[in-house]
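For reference, the structure is listed below as structure tokens.
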Amino acid sequence: MKKKGLSSLPLVAALLILIVGNLFWLDHWLDSDMAAEMIFSRVLSETGHFIASPDWYYSTEFRIAYTQLLMVPLFHVLSDWHAIRMIVNVIFYAMLLGSYLYLMKPAKLNHKTVILTSALLFVPFSETLAQHMHFGNTYLSHLILQFLVLGMILRLCETGESKKVSRIVTLVLLALLSLICGASGVRYLMSVYAPVLLTGIVLILMGGKAKALFSEKGDRPAGLREMLSRFAGLFAGFGGRVLKYGFLSTAIAMAGYGVNVTYVRSHYVFTTYETTSFVRLYKGIFYERLCDVFGCLMELFGYIPDKGGLSLRGLITMISFVLVIGVFLCGVRVMKLVSVGADAGQENEQSE
């Protein structure tokens with residue numbers, strides 16, 4: 001019990017720092033976009049709307065599950081805008097933590113690891129992260145929805161004796177959430193559902209049955225029926241279940257996106273991405289874009305340009321390199337663990 005309490009200290013400390021920052025310095029971290037979000041919620045409360053208004057011109061994408069769901073009712077009972085934003089931020093911190101714990105539970109990680117990693121969600125590694133994530137609350141809702149969708153898919157992929165009613169409820173909630181994500185636009189299709197489908201395919205190809213099917217040393221199928229049987233067997237494992245529920249949720253999200261295209265766009269004015277096009281691959285443009293991506297990633301982890309190397313901000317900049325390298329090493333570690341798991345699954349299949 002004492003060790004569990006110690007492992008929770010970083011999480012508690014991070015949350016306390018954010019709450020104190022919300023209480024005393026929140027106004028210093030807000031910009032005109034964040035102020036517009038509160039004005040939007042105020043307009044909704046005054047006009048009797050709750051999610052959106054046809055009289056509002058969105059400067060970004062259309063958002064269904066966003067801060068207005070909490071701000072609108074709060075504007076009916078409070079007049080202090082600072083208090084409203086702070087209350088909404090704290091509630092979103094709790095929702096983010098809850099959604100992360102929901103995601104991690106089917107992953108079967110130990111309690112200490114989950115609590116320690118959850119603290120990283122509330123650490124402002126950079127000014128950009130602090131402004132747009134923790135204080136501005138621009139992207140917290142996106143993370144919450146992504147964690148919930150992934151947690152539901154993992155629960156549906158679990159084998160063993162699980163309650164049928166629980167699985168049905170999870171499936172219904174996943175369908176409802178996927179519909180909302182799709183109706184919000186293409187963001188979640190690109191950030192959640194496409195990676196899930198790709199993950200399912202990778203897990204299948206790295207599985208023991210796939211290696212046996214495509215290996216030159218493996219037993220060749222005697223005929224077309226056996227070939228089809230072996231191919232169908234590729235989808236019987238965990239990777240197949242990930243692909244199955246990923247495909248199902250993606251199909252529902254695509255239906256939601258159809259609602260966005262056919263109904264939402266005809267009733268509301270917001271930014272769409274039809275004008276987004278591929279960049280040219282010559283004259284250094286593609287390389288320039290890659291440098292921009294890497295530079296933005298560095299700034300997200302605390303990189304501060306044009307600062308002295310021996311200054312405090314210079315030290316933070318050097319730490320950002322360590323963090324980016326750490327993320328890369330974590331990715332390599334995960335791929336090794338997936339490979340080991342696939343080899344273990346192949347050995348179990350051969351022993352059976």
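Chain labels follow the order of the structure tokens: the first chain is A, the next B, and so on; residue numbering restarts at 1 in every chain, and ligands are counted from 1 in their shown order.
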
So that I can check the surroundings of range 296-304 of chain A, please list as a PyMOL selection string every protein, DNA and RNA residue that reaches within 7 Å of it, counting only C-alpha atoms and ignoring chain neighbours fewer than 6 positions away.
chain A and resi 125-126+128-129+313+316-317+320+323

Would you output that residue set with N, CA and C atoms, as a PDB file, in the first residue's frame?
```pdb
ATOM      1  N   PHE A 125       5.473  19.761 -20.826  1.00  0.00           N
ATOM      2  CA  PHE A 125       6.867  19.694 -21.258  1.00  0.00           C
ATOM      3  C   PHE A 125       7.308  20.975 -21.965  1.00  0.00           C
ATOM      4  N   SER A 126       6.373  21.733 -22.472  1.00  0.00           N
ATOM      5  CA  SER A 126       6.713  22.941 -23.211  1.00  0.00           C
ATOM      6  C   SER A 126       5.628  23.983 -23.020  1.00  0.00           C
ATOM      7  N   THR A 128       4.115  25.419 -25.466  1.00  0.00           N
ATOM      8  CA  THR A 128       3.067  25.077 -26.435  1.00  0.00           C
ATOM      9  C   THR A 128       2.097  24.064 -25.844  1.00  0.00           C
ATOM     10  N   LEU A 129       2.632  23.039 -25.197  1.00  0.00           N
ATOM     11  CA  LEU A 129       1.787  22.006 -24.595  1.00  0.00           C
ATOM     12  C   LEU A 129       0.954  22.584 -23.453  1.00  0.00           C
ATOM     13  N   ARG A 313      16.536  28.247 -20.315  1.00  0.00           N
ATOM     14  CA  ARG A 313      15.766  27.765 -21.464  1.00  0.00           C
ATOM     15  C   ARG A 313      16.635  26.920 -22.390  1.00  0.00           C
ATOM     16  N   ILE A 316      16.492  23.497 -20.919  1.00  0.00           N
ATOM     17  CA  ILE A 316      15.226  22.855 -21.262  1.00  0.00           C
ATOM     18  C   ILE A 316      15.255  22.358 -22.701  1.00  0.00           C
ATOM     19  N   THR A 317      15.877  23.136 -23.577  1.00  0.00           N
ATOM     20  CA  THR A 317      15.993  22.728 -24.976  1.00  0.00           C
ATOM     21  C   THR A 317      16.788  21.433 -25.109  1.00  0.00           C
ATOM     22  N   SER A 320      14.757  18.478 -24.222  1.00  0.00           N
ATOM     23  CA  SER A 320      13.794  18.085 -25.249  1.00  0.00           C
ATOM     24  C   SER A 320      14.383  17.033 -26.185  1.00  0.00           C
ATOM     25  N   LEU A 323      14.055  13.737 -24.474  1.00  0.00           N
ATOM     26  CA  LEU A 323      12.680  13.246 -24.486  1.00  0.00           C
ATOM     27  C   LEU A 323      12.313  12.632 -25.832  1.00  0.00           C
TER      28      LEU A 323
END
```

Expected answer as a ChimeraX atom specification: helix (DSSP H, G or I) residues in range 57-292 of chain A | /A:68-77,81-107,111-120,127-135,140-157,164-183,187-206,208-214,224-236,238-267,285-292

**Request:** Check the smallest atom-to-atom distance from each of A:Ile17, A:Ala107, A:Val149, A:Leu69 to Met38 in chain A using only C-alpha atoms, then report the winner.
**Result:**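 Between A:Ile17, A:Ala107, A:Val149, A:Leu69, the residue approaching Met38 in chain A most closely is A:Leu69.
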
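Residues with any atom within 8 Å of Ile84 in chain A, counting only C-alpha atoms and excluding same-chain neighbours fewer than 6 positions away, are Met71, Leu74, Phe75 and Leu78 of chain A.
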
Atom pair CA of Leu197 in chain A + CA of Gly256 in chain A, distance 17.6 Å

Please identify every residue of range 239-283 of chain A that has at least one atom no farther than 8 Å from an atom of range 152-172 of chain A, counting only C-alpha atoms, and for each give the shortest atom pair and the distance in Å to one decimal, arranged by chain then increasing number, as CSV.
```
residue,atom,partner,partner_atom,distance
A:Arg241,CA,A:Cys157,CA,5.4
A:Val242,CA,A:Cys157,CA,6.2
A:Tyr245,CA,A:Ile153,CA,6.3
A:Gly246,CA,A:Ile153,CA,7.1
```

Min atom-atom distance to Gly98 in chain A from the set A:Ser53, A:Leu143, A:His76, A:Met133, counting only C-alpha atoms, belongs to A:Leu143

Task: Residue with smallest distance to Val202 in chain A - pool A:Ala236, A:Leu9, A:Ala183, A:Met335, counting only C-alpha atoms - done: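 Ranked by minimum distance to Val202 in chain A, first place goes to A:Met335.
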
Of the listed residues A:Ser191, A:Thr250, A:Ser59, A:Gln68, that which approaches Val269 in chain A most closely, counting only C-alpha atoms: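 Of A:Ser191, A:Thr250, A:Ser59, A:Gln68, the one nearest Val269 in chain A, counting only C-alpha atoms, is A:Ser59.
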
- prompt: Could you name the residues that touch Leu121 in chain A at 10 Å or less, counting only C-alpha atoms, but leaving out those on the same chain fewer than 5 positions away, as number ranges by chain?
  reply: A: 11, 14-15, 93, 96-97, 100, 116, 133-134, 140, 143

Checklist entry - Interatomic distance between CA of Ala255 in chain A and CA of Leu177 in chain A? => result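 Computing the Euclidean distance for CA of Ala255 in chain A and CA of Leu177 in chain A yields 12.0 Å.
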
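Coordinates place CA of Val123 in chain A at a distance of 17.7 Å from CA of Ile325 in chain A.
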